[in-house]
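Peer 1: Take a look at this one; I'll ask things after.
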Amino acid sequence: MSRRTTSPAARARPPLPRPQAGARRERAARRRRTATRTEAAWQALAAALRAVPRTAWVCALVAVLNGACWSVISPPFQVTDEASHYAYVARLAETGTLPSSAAENFPPAEERALSDLRTAGLSERPSFRATSSVAEQQQLERDLAQPGGLSGSPDAGVANGQPPLYYALETIPYGLASGGTILDRLSAMRLLSALLGGLTAVFAFLFLREALPGARWAWTVGGLGVAAAPLLGVMSGAVNPDAQLFAVSAALFYCLARGFRRGITKELALALAAVVIVGVLTKLTFLTLLPGTILGLLVLCARRARTSPREAGVAFAVVAAPILLLSIAGTLTGHSAANYLSGFVSDVTGARGPRELSYIWQLYLPRLPGMHPYFHGILTTRVYWFNDLVGDYGWVDTRFPRWVYTAALVPAAALAALLARALFVSRRTLPGRLPEALVYGAMGLGLLFVIGAQDYSSKLPGEYVEPRYLLPLLALWGAVLALAARGAGRRWGPVAGASIVVLVLAHNLFSQLLVIARYYG
Amino acid sequence: MRVPNPRVVLAGGLTLMALGLIATLSRAPAVTAKGGVGPETQFVATSSEASGCQNGETLPAHTSAIRVGLFAITTPEVGVQVLSEGRLLTSGTLSPGWSGEGAVVPVNHTFDHPVSPVAVCFTVKKVNGPVQMVGRKTSGPEATVEGSNRLPGRISLQYVQPGHRSWWSLALSTARRLGLGHATPGTWNALLVAMLAAAVIALSSWLVVRDLR
């Protein structure tokens, strides 16, 4: 029996195509496959966007409008470090290179604007007012109209050394407004930050939906509490990578909460990895959330491993790989990101560790017996954090009258009591949520630890005390507000929720009036 | 007990907010009296408790607070005493936690006529880090006295009085100033701010009405 070398079907086939035609066909097939994959990805994205509740989009709109409102209220370059962040974007947009110096000799066009706007003379001097005469305005317009001077300086002040993603995004509005003056560019760039504020609100809302699934109405309370928060408005109405940091941090909390509620999948792991990459490329501060994130990933993968060890392994690898790769790349290139966390950790584990830990403790909490006093005569919890979160705007120089901070203790105490009641009422379910709470706690502690360590290293107590540094935890703040509303019980909960929303709106409105009075009054 | 409707609570809250707004805008902002040494330059710094006296000052009528030219990151407690011929006229203390340049220390007694000459003495306590004194560099008899020494300048002292014009009457000039120094200058910026703020409140209220039942 002769061995059949060709099947009848093969024999019926047309002759094999020439190699060139085969390559073309292969390329066409590849294009079709890519197009199909792209289409599928778009469809998946559209489906994901459709799955976002309308309430979340309205919260986003509130945050965007609030950011836009603050962007008009805050005088140009009068939100902390805005001149440095603007210089970074200008450098990137004009030369395609990153800044290389932390000095503050900005390009001539920016320096002229800063001089005419009296930026240095205004900052930290609350008794001085912004541009207040037509003559000053005319001088400003004359100088803004001068051509050139947009590039030429490698300086970006405090922004130097920060990752480039936010700044790269900001080159888009910078370019779109390139026909205008430096202030037109700044306004366009501020609007991009406002859009990022909207993203923060969406992710905070989605986090609440996953973390507190019990009462839908409470998500609205927490979502609006985040969206209309005045400090989010200030920062998302300015050119500052914090605007993107808050959004990506809220997205991180959302991904973890989703994992804790529904279990980790390959898709979620991919999303988590994407969030980590975006976060690391946004601002070094994001690194402070990574230890808690890794802990969360371990917990989620350990849970998944009970039913599917292989999927757990894949999910872990998907998230851990970019963290590992970024760490290696940072170490090899000597980027400041590589030393950011390790430097603080080695400080604490080294000889000055106990002193530093004591300092960090006292930066947030009352001194314990036996601790060396670092802050004389002040209760840091109240003076640094509570008061600053109630209101300290501009260059941390614009405050309410002192009675406001005392009066604010009343709603703060009410919120704390309602939160405590909510936790007490649901005490039976709490043990099951303990690992999740520990993960969020670890993320928060990572952030607080690094703020404290930076302050300790600065040798100027309080230098790194700015309430905006806590805003990567905004999603948790939304959860506090939602839980507080639930703490009033099912019947009174919506009433408490409405009161909380009114309180947040009032806080935002009077903060805006305060800043208007400070700069333009 | 009958539970109020969240819509009623929202309406009540917004009404209270509007009343608070009206009350705030009906107040007259404090103003700084003419005269006194302005915050021209930082001339000395201290990292420990300090005190000083400045002679030849005039306490304007109705002075409700004195802005002392100090700057610190973690602000200290600041006390002031106003003396005339060794007799205490008024005094006040500002606890730590103020911010920016200038500690606005409220005083406990006001006069309806100016008093001159007076000596203004200040103390700086609960110091956590460097405190810079701001004022005018000078030497000789007019410099601020600290114990038996003279500082290299005269500290800025500005006298704060209640204003006479309410925010309502200042609204137009404030709106005009808000329109200056922006990308597209004009009083319309104030209108834009008002519209955006109103939109934030309206959208949030709509969500509360829709979702909180």
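Following the order of the structure tokens, chains are lettered A, B, ..., residues in each are numbered from 1, and ligands are numbered from 1.
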Env of Gly259 in chain A: 9 Å cut, atoms = only C-alpha atoms, seq-sep filter 5 positions within chain, self excluded. Answer as a VMD selection string.
Peer 2: chain A and resid 210 254 264 to 265 268 to 269 296 to 297 300
Peer 1: I need the residues of range 16-79 of chain B that end up classed as strand (DSSP E) by DSSP on the backbone, written out as a list in words.
Peer 2: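 Reading the DSSP output for range 16-79 of chain B, strand (DSSP E) covers Val31, Thr32, Thr41, Gln42, Phe43, Val44, Ala45, Thr46, Ala50, Ser51, Gly52, Cys53, Gln54, Asn55, Gly56, Glu57, Thr58, Leu59, Ala65, Ile66, Arg67, Val68, Leu70, Phe71, Ala72, Glu77, Val78 and Gly79 of chain B.
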Peer 1: Can you check which residues of chain B have any atom within 6 Å of chain A? Use only C-alpha atoms and format it as a list in words.
Peer 2: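 That gives Pro6, Leu10, Gly13, Thr74, Gly97, Ser99, Gly100, Glu101, Lys126, Gly129, Thr174, Arg177, Leu178, Gly181, Ala183, Val193, Leu196, Val200, Asp211 and Leu212 of chain B for chain B.
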Peer 1: Per DSSP on the backbone, filter range 91-207 of chain B down to the residues in alpha helix (DSSP H) and report them as a PyMOL selection string.
Peer 2: chain B and resi 167-178+188-207
Peer 1: Using only C-alpha atoms, can you tell me which of A:Leu357, A:Phe386, A:Leu272, A:Gly263 comes closest to Ser308 in chain A?
Peer 2: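 That would be A:Gly263, the residue with the smallest distance to Ser308 in chain A.
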Peer 1: Could you work out how far CA of Thr63 in chain B lies from CA of Asp112 in chain B, giving the answer in Å with one decimal?
Peer 2: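 Atom-to-atom, CA of Asp112 in chain B to CA of Thr63 in chain B, that is 8.5 Å.
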Peer 1: Between CA of Glu111 in chain A and CA of His182 in chain B, what distance in Å does the model show, to one decimal?
Peer 2: 16.0 Å
Peer 1: Mind giving me the straight-line distance from CA of Gly102 in chain B to CA of Val78 in chain B in Å, one decimal?
Peer 2: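 Computed distance, CA of Gly102 in chain B to CA of Val78 in chain B, equals 10.4 Å.
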